[in-house]
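input12.pdb (PDB, C-alpha atoms, pLDDT in the B column) appears below.
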```pdb
ATOM      1  CA  MET A 134     -23.677  57.095  52.119  1.00 45.00           C
ATOM      2  CA  ALA A 135     -26.481  58.092  49.778  1.00 48.00           C
ATOM      3  CA  HIS A 136     -28.181  61.369  50.717  1.00 49.00           C
ATOM      4  CA  ASN A 137     -31.539  60.309  49.260  1.00 67.00           C
ATOM      5  CA  ASP A 138     -33.284  57.127  48.226  1.00 87.00           C
ATOM      6  CA  THR A 139     -33.443  57.715  44.481  1.00 96.00           C
ATOM      7  CA  VAL A 140     -32.266  54.589  42.680  1.00 98.00           C
ATOM      8  CA  LYS A 141     -31.218  54.358  39.040  1.00 98.00           C
ATOM      9  CA  LEU A 142     -29.573  51.526  37.137  1.00 98.00           C
ATOM     10  CA  ILE A 143     -27.574  52.092  33.981  1.00 98.00           C
ATOM     11  CA  GLY A 144     -27.586  48.863  32.027  1.00 97.00           C
ATOM     12  CA  SER A 145     -28.035  47.248  28.655  1.00 94.00           C
ATOM     13  CA  TRP A 146     -30.371  44.469  27.534  1.00 93.00           C
ATOM     14  CA  SER A 147     -27.382  42.690  25.975  1.00 91.00           C
ATOM     15  CA  SER A 148     -25.213  42.718  29.090  1.00 93.00           C
ATOM     16  CA  PRO A 149     -25.215  39.560  31.225  1.00 93.00           C
ATOM     17  CA  PHE A 150     -23.614  41.612  33.976  1.00 96.00           C
ATOM     18  CA  ALA A 151     -26.446  44.153  34.008  1.00 97.00           C
ATOM     19  CA  LEU A 152     -28.795  41.182  34.427  1.00 97.00           C
ATOM     20  CA  ARG A 153     -27.156  40.492  37.792  1.00 98.00           C
ATOM     21  CA  ALA A 154     -28.080  43.922  39.093  1.00 98.00           C
ATOM     22  CA  ARG A 155     -31.660  43.696  37.834  1.00 98.00           C
ATOM     23  CA  VAL A 156     -32.215  40.308  39.461  1.00 98.00           C
ATOM     24  CA  ALA A 157     -30.822  41.541  42.794  1.00 98.00           C
ATOM     25  CA  LEU A 158     -33.011  44.662  42.747  1.00 98.00           C
ATOM     26  CA  HIS A 159     -36.065  42.572  41.868  1.00 98.00           C
ATOM     27  CA  LEU A 160     -35.415  40.107  44.689  1.00 97.00           C
ATOM     28  CA  LYS A 161     -35.249  43.007  47.146  1.00 97.00           C
ATOM     29  CA  SER A 162     -38.358  44.692  45.655  1.00 96.00           C
ATOM     30  CA  VAL A 163     -36.397  47.902  45.087  1.00 97.00           C
ATOM     31  CA  LYS A 164     -38.099  50.500  42.912  1.00 97.00           C
ATOM     32  CA  TYR A 165     -35.669  52.050  40.465  1.00 98.00           C
ATOM     33  CA  GLU A 166     -35.376  53.855  37.158  1.00 98.00           C
ATOM     34  CA  TYR A 167     -33.777  51.748  34.470  1.00 98.00           C
ATOM     35  CA  LEU A 168     -31.595  53.611  31.972  1.00 97.00           C
ATOM     36  CA  ASP A 169     -30.748  51.438  28.978  1.00 95.00           C
ATOM     37  CA  GLU A 170     -27.550  52.096  27.044  1.00 92.00           C
ATOM     38  CA  PRO A 171     -28.630  51.388  23.450  1.00 81.00           C
ATOM     39  CA  ASP A 172     -25.092  50.975  22.071  1.00 71.00           C
ATOM     40  CA  VAL A 173     -22.563  49.900  24.706  1.00 63.00           C
ATOM     41  CA  ILE A 174     -20.029  48.967  22.022  1.00 66.00           C
ATOM     42  CA  LYS A 175     -19.514  52.294  20.251  1.00 70.00           C
ATOM     43  CA  LEU A 176     -21.585  55.034  21.863  1.00 77.00           C
ATOM     44  CA  LYS A 177     -21.647  55.564  25.629  1.00 89.00           C
ATOM     45  CA  SER A 178     -23.818  58.140  27.341  1.00 93.00           C
ATOM     46  CA  GLU A 179     -22.377  61.042  29.285  1.00 94.00           C
ATOM     47  CA  LEU A 180     -24.067  59.719  32.410  1.00 96.00           C
ATOM     48  CA  LEU A 181     -22.343  56.338  32.063  1.00 96.00           C
ATOM     49  CA  ILE A 182     -18.940  57.933  31.543  1.00 95.00           C
ATOM     50  CA  LYS A 183     -19.496  60.266  34.496  1.00 96.00           C
ATOM     51  CA  SER A 184     -20.788  57.487  36.761  1.00 97.00           C
ATOM     52  CA  ASN A 185     -18.096  54.953  35.845  1.00 97.00           C
ATOM     53  CA  PRO A 186     -15.119  56.983  34.632  1.00 96.00           C
ATOM     54  CA  ILE A 187     -12.596  54.172  35.172  1.00 96.00           C
ATOM     55  CA  HIS A 188     -14.121  51.360  33.095  1.00 94.00           C
ATOM     56  CA  LYS A 189     -16.995  53.178  31.341  1.00 93.00           C
ATOM     57  CA  LYS A 190     -19.034  49.966  31.409  1.00 95.00           C
ATOM     58  CA  VAL A 191     -22.483  48.861  32.525  1.00 96.00           C
ATOM     59  CA  PRO A 192     -23.932  48.155  34.961  1.00 98.00           C
ATOM     60  CA  VAL A 193     -23.776  51.153  37.256  1.00 98.00           C
ATOM     61  CA  LEU A 194     -26.122  51.533  40.203  1.00 98.00           C
ATOM     62  CA  ILE A 195     -26.811  55.118  41.242  1.00 98.00           C
ATOM     63  CA  HIS A 196     -28.181  55.337  44.777  1.00 97.00           C
ATOM     64  CA  GLY A 197     -28.847  58.911  45.703  1.00 96.00           C
ATOM     65  CA  ASP A 198     -25.557  60.743  45.260  1.00 93.00           C
ATOM     66  CA  VAL A 199     -23.258  57.724  44.924  1.00 96.00           C
ATOM     67  CA  SER A 200     -22.422  55.363  42.071  1.00 97.00           C
ATOM     68  CA  ILE A 201     -21.623  51.681  42.533  1.00 98.00           C
ATOM     69  CA  CYS A 202     -19.835  49.866  39.699  1.00 98.00           C
ATOM     70  CA  GLU A 203     -19.079  46.237  38.818  1.00 98.00           C
ATOM     71  CA  SER A 204     -21.924  43.725  38.829  1.00 98.00           C
ATOM     72  CA  LEU A 205     -20.908  41.486  41.736  1.00 98.00           C
ATOM     73  CA  ASN A 206     -20.108  44.556  43.807  1.00 98.00           C
ATOM     74  CA  ILE A 207     -23.565  45.928  43.015  1.00 98.00           C
ATOM     75  CA  VAL A 208     -25.264  42.695  44.083  1.00 98.00           C
ATOM     76  CA  GLN A 209     -23.464  42.800  47.430  1.00 98.00           C
ATOM     77  CA  TYR A 210     -24.331  46.468  47.871  1.00 98.00           C
ATOM     78  CA  VAL A 211     -28.011  45.831  47.160  1.00 98.00           C
ATOM     79  CA  ASP A 212     -28.055  42.994  49.688  1.00 98.00           C
ATOM     80  CA  GLU A 213     -26.555  45.220  52.381  1.00 96.00           C
ATOM     81  CA  ALA A 214     -28.319  48.497  51.579  1.00 97.00           C
ATOM     82  CA  TRP A 215     -31.738  46.815  51.541  1.00 96.00           C
ATOM     83  CA  SER A 216     -31.293  44.335  54.346  1.00 91.00           C
ATOM     84  CA  SER A 217     -34.845  42.986  54.414  1.00 89.00           C
ATOM     85  CA  ASP A 218     -35.511  39.406  53.320  1.00 90.00           C
ATOM     86  CA  PRO A 219     -34.705  37.631  51.164  1.00 94.00           C
ATOM     87  CA  SER A 220     -30.999  37.673  51.867  1.00 96.00           C
ATOM     88  CA  ILE A 221     -28.890  37.266  48.745  1.00 98.00           C
ATOM     89  CA  LEU A 222     -25.565  36.390  50.330  1.00 97.00           C
ATOM     90  CA  PRO A 223     -25.392  33.421  52.750  1.00 95.00           C
ATOM     91  CA  SER A 224     -25.564  34.226  56.453  1.00 93.00           C
ATOM     92  CA  GLN A 225     -22.598  32.084  57.538  1.00 94.00           C
ATOM     93  CA  PRO A 226     -19.086  33.536  57.019  1.00 97.00           C
ATOM     94  CA  TYR A 227     -17.684  30.414  55.327  1.00 96.00           C
ATOM     95  CA  ASP A 228     -20.664  30.111  52.984  1.00 95.00           C
ATOM     96  CA  ARG A 229     -20.345  33.803  52.091  1.00 96.00           C
ATOM     97  CA  ALA A 230     -16.634  33.421  51.364  1.00 97.00           C
ATOM     98  CA  SER A 231     -17.279  30.298  49.288  1.00 97.00           C
ATOM     99  CA  ALA A 232     -20.016  32.011  47.250  1.00 97.00           C
ATOM    100  CA  ARG A 233     -17.704  34.961  46.534  1.00 97.00           C
ATOM    101  CA  PHE A 234     -14.891  32.601  45.499  1.00 98.00           C
ATOM    102  CA  TRP A 235     -17.013  30.707  42.993  1.00 98.00           C
ATOM    103  CA  ALA A 236     -18.619  33.873  41.663  1.00 98.00           C
ATOM    104  CA  GLN A 237     -15.135  35.174  40.914  1.00 97.00           C
ATOM    105  CA  TYR A 238     -14.311  31.843  39.266  1.00 98.00           C
ATOM    106  CA  VAL A 239     -17.252  32.382  36.928  1.00 98.00           C
ATOM    107  CA  ASP A 240     -15.932  35.789  35.901  1.00 97.00           C
ATOM    108  CA  ASP A 241     -12.268  34.807  35.689  1.00 96.00           C
ATOM    109  CA  LYS A 242     -12.528  31.390  34.031  1.00 95.00           C
ATOM    110  CA  CYS A 243     -15.960  30.791  32.519  1.00 96.00           C
ATOM    111  CA  PHE A 244     -16.371  34.167  30.850  1.00 95.00           C
ATOM    112  CA  GLU A 245     -12.764  33.988  29.671  1.00 94.00           C
ATOM    113  CA  SER A 246     -13.598  30.764  27.817  1.00 93.00           C
ATOM    114  CA  LEU A 247     -16.860  32.196  26.485  1.00 91.00           C
ATOM    115  CA  ASN A 248     -15.156  35.290  25.105  1.00 88.00           C
ATOM    116  CA  ALA A 249     -12.357  33.179  23.603  1.00 90.00           C
ATOM    117  CA  ALA A 250     -14.906  30.959  21.844  1.00 86.00           C
ATOM    118  CA  ALA A 251     -16.924  33.889  20.526  1.00 80.00           C
ATOM    119  CA  GLY A 252     -13.852  35.802  19.372  1.00 81.00           C
ATOM    120  CA  ALA A 253     -11.918  32.885  17.902  1.00 85.00           C
ATOM    121  CA  LYS A 254     -10.574  33.470  14.393  1.00 84.00           C
ATOM    122  CA  ASP A 255     -10.985  29.884  13.247  1.00 89.00           C
ATOM    123  CA  GLU A 256     -12.823  26.682  14.065  1.00 88.00           C
ATOM    124  CA  GLU A 257      -9.829  25.170  15.841  1.00 92.00           C
ATOM    125  CA  GLY A 258      -9.563  28.079  18.240  1.00 90.00           C
ATOM    126  CA  ARG A 259     -13.317  28.099  18.821  1.00 87.00           C
ATOM    127  CA  MET A 260     -13.424  24.399  19.675  1.00 89.00           C
ATOM    128  CA  ALA A 261     -10.390  24.683  21.979  1.00 92.00           C
ATOM    129  CA  ALA A 262     -12.149  27.435  23.932  1.00 91.00           C
ATOM    130  CA  ALA A 263     -15.337  25.354  23.952  1.00 91.00           C
ATOM    131  CA  GLY A 264     -13.381  22.514  25.560  1.00 93.00           C
ATOM    132  CA  LYS A 265     -12.205  24.818  28.351  1.00 94.00           C
ATOM    133  CA  LEU A 266     -15.765  26.001  28.882  1.00 95.00           C
ATOM    134  CA  MET A 267     -16.879  22.380  29.237  1.00 95.00           C
ATOM    135  CA  GLU A 268     -14.264  21.929  31.966  1.00 96.00           C
ATOM    136  CA  CYS A 269     -15.518  25.038  33.777  1.00 97.00           C
ATOM    137  CA  LEU A 270     -19.102  23.812  33.681  1.00 97.00           C
ATOM    138  CA  GLY A 271     -18.027  20.424  35.015  1.00 97.00           C
ATOM    139  CA  ILE A 272     -16.469  22.158  38.001  1.00 98.00           C
ATOM    140  CA  LEU A 273     -19.598  24.261  38.503  1.00 98.00           C
ATOM    141  CA  GLU A 274     -21.687  21.077  38.435  1.00 98.00           C
ATOM    142  CA  GLU A 275     -19.660  19.745  41.379  1.00 98.00           C
ATOM    143  CA  THR A 276     -20.032  23.096  43.139  1.00 97.00           C
ATOM    144  CA  PHE A 277     -23.784  23.062  42.611  1.00 98.00           C
ATOM    145  CA  GLN A 278     -24.139  19.586  44.088  1.00 96.00           C
ATOM    146  CA  LYS A 279     -22.271  20.703  47.221  1.00 95.00           C
ATOM    147  CA  SER A 280     -23.745  24.184  47.609  1.00 94.00           C
ATOM    148  CA  SER A 281     -27.384  23.359  46.911  1.00 95.00           C
ATOM    149  CA  LYS A 282     -27.515  20.576  49.516  1.00 92.00           C
ATOM    150  CA  GLY A 283     -30.102  18.787  47.399  1.00 94.00           C
ATOM    151  CA  LEU A 284     -32.288  21.867  46.946  1.00 96.00           C
ATOM    152  CA  GLY A 285     -33.130  23.849  43.815  1.00 97.00           C
ATOM    153  CA  PHE A 286     -30.502  26.585  43.754  1.00 98.00           C
ATOM    154  CA  PHE A 287     -26.866  27.201  44.572  1.00 97.00           C
ATOM    155  CA  GLY A 288     -28.222  29.242  47.482  1.00 91.00           C
ATOM    156  CA  GLY A 289     -30.511  26.435  48.671  1.00 94.00           C
ATOM    157  CA  GLU A 290     -34.266  26.937  48.472  1.00 94.00           C
ATOM    158  CA  ASN A 291     -34.023  30.397  46.905  1.00 95.00           C
ATOM    159  CA  ILE A 292     -31.896  32.281  44.390  1.00 97.00           C
ATOM    160  CA  GLY A 293     -28.736  33.566  46.032  1.00 97.00           C
ATOM    161  CA  TYR A 294     -25.485  35.319  45.223  1.00 98.00           C
ATOM    162  CA  LEU A 295     -23.889  32.421  43.351  1.00 98.00           C
ATOM    163  CA  ASP A 296     -27.070  31.756  41.389  1.00 98.00           C
ATOM    164  CA  ILE A 297     -27.019  35.344  40.182  1.00 98.00           C
ATOM    165  CA  ALA A 298     -23.342  35.077  39.256  1.00 98.00           C
ATOM    166  CA  CYS A 299     -23.773  31.795  37.362  1.00 98.00           C
ATOM    167  CA  GLY A 300     -27.091  32.738  35.815  1.00 97.00           C
ATOM    168  CA  THR A 301     -25.465  35.323  33.617  1.00 94.00           C
ATOM    169  CA  LEU A 302     -23.652  32.513  31.794  1.00 96.00           C
ATOM    170  CA  LEU A 303     -26.879  31.209  30.271  1.00 96.00           C
ATOM    171  CA  GLY A 304     -27.317  33.794  27.503  1.00 94.00           C
ATOM    172  CA  PRO A 305     -23.677  33.665  26.338  1.00 93.00           C
ATOM    173  CA  ILE A 306     -23.660  29.851  26.496  1.00 95.00           C
ATOM    174  CA  SER A 307     -26.704  29.714  24.222  1.00 93.00           C
ATOM    175  CA  VAL A 308     -24.813  31.895  21.732  1.00 90.00           C
ATOM    176  CA  ILE A 309     -21.708  29.691  21.768  1.00 89.00           C
ATOM    177  CA  GLU A 310     -23.906  26.631  21.256  1.00 92.00           C
ATOM    178  CA  VAL A 311     -25.188  28.223  18.048  1.00 90.00           C
ATOM    179  CA  PHE A 312     -21.664  29.068  16.859  1.00 83.00           C
ATOM    180  CA  THR A 313     -20.071  25.704  17.705  1.00 85.00           C
ATOM    181  CA  GLY A 314     -22.915  23.208  17.504  1.00 89.00           C
ATOM    182  CA  VAL A 315     -21.825  21.902  20.907  1.00 90.00           C
ATOM    183  CA  LYS A 316     -24.399  21.282  23.631  1.00 94.00           C
ATOM    184  CA  PHE A 317     -22.653  22.367  26.830  1.00 95.00           C
ATOM    185  CA  LEU A 318     -25.255  21.436  29.422  1.00 95.00           C
ATOM    186  CA  GLN A 319     -26.188  17.780  29.168  1.00 94.00           C
ATOM    187  CA  GLU A 320     -28.018  15.332  31.388  1.00 95.00           C
ATOM    188  CA  GLU A 321     -25.059  12.950  31.356  1.00 95.00           C
ATOM    189  CA  THR A 322     -22.409  15.431  32.472  1.00 95.00           C
ATOM    190  CA  THR A 323     -24.226  18.310  34.190  1.00 97.00           C
ATOM    191  CA  PRO A 324     -27.590  16.971  35.423  1.00 97.00           C
ATOM    192  CA  GLY A 325     -27.810  19.401  38.337  1.00 97.00           C
ATOM    193  CA  LEU A 326     -27.072  22.433  36.185  1.00 98.00           C
ATOM    194  CA  MET A 327     -29.566  21.263  33.565  1.00 96.00           C
ATOM    195  CA  LYS A 328     -32.432  21.363  36.051  1.00 97.00           C
ATOM    196  CA  TRP A 329     -31.100  24.494  37.741  1.00 98.00           C
ATOM    197  CA  THR A 330     -31.006  26.304  34.376  1.00 97.00           C
ATOM    198  CA  GLU A 331     -34.735  25.759  33.909  1.00 96.00           C
ATOM    199  CA  ARG A 332     -35.555  26.925  37.440  1.00 97.00           C
ATOM    200  CA  PHE A 333     -33.356  29.997  37.214  1.00 97.00           C
ATOM    201  CA  GLY A 334     -34.510  31.081  33.750  1.00 96.00           C
ATOM    202  CA  SER A 335     -38.186  30.785  34.663  1.00 96.00           C
ATOM    203  CA  HIS A 336     -37.900  32.593  38.012  1.00 97.00           C
ATOM    204  CA  GLU A 337     -39.981  35.769  38.287  1.00 97.00           C
ATOM    205  CA  ALA A 338     -36.891  37.792  39.233  1.00 98.00           C
ATOM    206  CA  VAL A 339     -35.050  36.645  36.094  1.00 97.00           C
ATOM    207  CA  LYS A 340     -37.431  35.947  33.225  1.00 96.00           C
ATOM    208  CA  PRO A 341     -38.493  39.565  32.502  1.00 96.00           C
ATOM    209  CA  TYR A 342     -34.893  40.662  31.974  1.00 96.00           C
ATOM    210  CA  MET A 343     -33.397  37.881  29.824  1.00 94.00           C
ATOM    211  CA  ALA A 344     -33.220  38.437  26.080  1.00 92.00           C
ATOM    212  CA  SER A 345     -33.993  35.702  23.559  1.00 92.00           C
ATOM    213  CA  VAL A 346     -31.302  33.480  22.054  1.00 92.00           C
ATOM    214  CA  ASP A 347     -31.778  35.158  18.664  1.00 94.00           C
ATOM    215  CA  GLU A 348     -31.232  38.589  20.193  1.00 93.00           C
ATOM    216  CA  TYR A 349     -28.071  37.437  21.961  1.00 90.00           C
ATOM    217  CA  VAL A 350     -26.743  35.829  18.769  1.00 90.00           C
ATOM    218  CA  ALA A 351     -27.360  38.972  16.714  1.00 89.00           C
ATOM    219  CA  PHE A 352     -25.566  41.094  19.295  1.00 87.00           C
ATOM    220  CA  ALA A 353     -22.596  38.689  19.494  1.00 83.00           C
ATOM    221  CA  LYS A 354     -22.184  38.774  15.712  1.00 83.00           C
ATOM    222  CA  LEU A 355     -22.034  42.559  15.861  1.00 81.00           C
ATOM    223  CA  LYS A 356     -19.676  42.666  18.851  1.00 78.00           C
ATOM    224  CA  PHE A 357     -17.200  40.094  17.524  1.00 73.00           C
ATOM    225  CA  ASN A 358     -17.669  40.988  13.827  1.00 75.00           C
ATOM    226  CA  ILE A 359     -18.865  37.499  12.915  1.00 72.00           C
ATOM    227  CA  GLN A 360     -20.466  37.059   9.510  1.00 64.00           C
TER     228      GLN A 360
END
```
Output the structure of this file as C-alpha cells.
Amino acid sequence: MAHNDTVKLIGSWSSPFALRARVALHLKSVKYEYLDEPDVIKLKSELLIKSNPIHKKVPVLIHGDVSICESLNIVQYVDEAWSSDPSILPSQPYDRASARFWAQYVDDKCFESLNAAAGAKDEEGRMAAAGKLMECLGILEETFQKSSKGLGFFGGENIGYLDIACGTLLGPISVIEVFTGVKFLQEETTPGLMKWTERFGSHEAVKPYMASVDEYVAFAKLKFNIQ
C-alpha cells in the first residue's frame, strides 16, 4: 500500500504501452508527474532500472512508495486505486474476464505480428507477418461487434479496458502500413474498427499522448535498423 499519494509515471512518447497508462490516468483525472525516458533503446535511467529491475522497461507507475510495472497491470491498478467513475474495467465478472482475455490476445498475437513485420529481413517475411496481423484484426472486429453492443467503444458508451489495450495498436499499425503498403483497417473487412479508430484517436484522454505517424516511423527505423 502506498504511504503517500505522490504519483509518477515513467514512460516514453514512442511506447504504445506507456500510452495505456497515460489514458487510464487521464480517465481517472489523476494528477501525476510524467518522467519521459528519452532513449528507451540504449540508455535507461537509474530510476527506471531501480523501479523495474526485472524487465527494465516502461511504463512504470510509482504511487507513493510502490512501483507498478507492465501496462495492463497498471491500468487495472489505476482503476482499483482510484475507484471513482468512470470505471475502466467492466462491472460484471464475465465481462471483466472477457476483457482481460482479449487484452492479452492483443499483446500475445497482434503485437507479435507487428514486431515480426517491422523486424522482417525481407519482403516475403514482412508480408507473411502482415497476413497474420490481418487475421488478428479480423478477430478483433468480431470481438468489437460483440463487446460494443452497438455502441461506440469496446467498453460500450465509454472507453474501457479493452479499448485501452487495443488502442495501442494504432501507432504501430500506421508504421507497418508505411513499410508494407498494406491498408490493414478497411471498410469492407473491419468496418467497426474503422469507426472505432477515429473515435478512440480523437478522444480527449488519448489525443494529447499519441505521436504522429512520421514520429512513429522514424522511431521504428531506428529500433529495427531499417534504412
Next item on the list: Please provide as a list in words all residues within 8 Å of stretch 212-225 of chain A, with the sequence filter that same-chain residues fewer than 5 positions apart are discarded (counting only C-alpha atoms).
Entry: Ala157, Leu160, Lys161, Ala232, Gly288, Ile292, Gly293 and Tyr294 of chain A
Check: Evaluating the PyMOL selection byres ((chain A and resi 332-348) around 10) on the displayed file yields which residues, as a VMD selection string?
Finding: chain A and resid 146 to 149 151 to 153 155 to 162 285 to 286 291 to 292 296 to 297 299 to 301 303 to 308 311 326 to 331 349 to 353
Margin query: For the PyMOL selection byres ((chain A and resi 193-196) around 12), applied here, can you spell out every residue it catches as an MDAnalysis selection string?
Written below: chainID A and resid 134:145 148 150:155 157:158 163:170 180:192 197:211 214:215
Notebook entry, point to check: Residues picked by the PyMOL selection byres ((chain A and resi 270-273) around 12) here, as a PyMOL selection string?
Noted result: chain A and resi 232+234-236+238-239+242-244+246-247+263-269+274-281+287+295-296+298-300+302-303+306+316-327+329
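Here atom CA of A:Lys175 stands at a distance of 21.6 Å from atom CA of A:Lys254.
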Next item on the list: Just give me the gap between atom CA of A:Thr313 and atom CA of A:Ala251 in Å, one decimal is fine.
Entry: 9.2 Å
Next item on the list: Using atom CA of A:Ala250 and atom CA of A:Phe357 as the two end points, give the distance in Å to one decimal.
Entry: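 Separation of atom CA of A:Ala250 and atom CA of A:Phe357: 10.4 Å.
Using all atoms listed in the file for every distance, the candidate list A:Lys282, A:Ala262, A:Gly252, A:Asp240 yields A:Gly252 as the residue closest to A:Lys354.
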Please report, as AutoDock Vina command-line options, the centre and edge lengths in Å to one decimal of an axis-aligned box covering all listed atoms of stretch 155-174 of chain A with 6 Å per side.
```
--center_x -29.2 --center_y 47.0 --center_z 34.6 --size_x 30.3 --size_y 25.7 --size_z 37.1
```
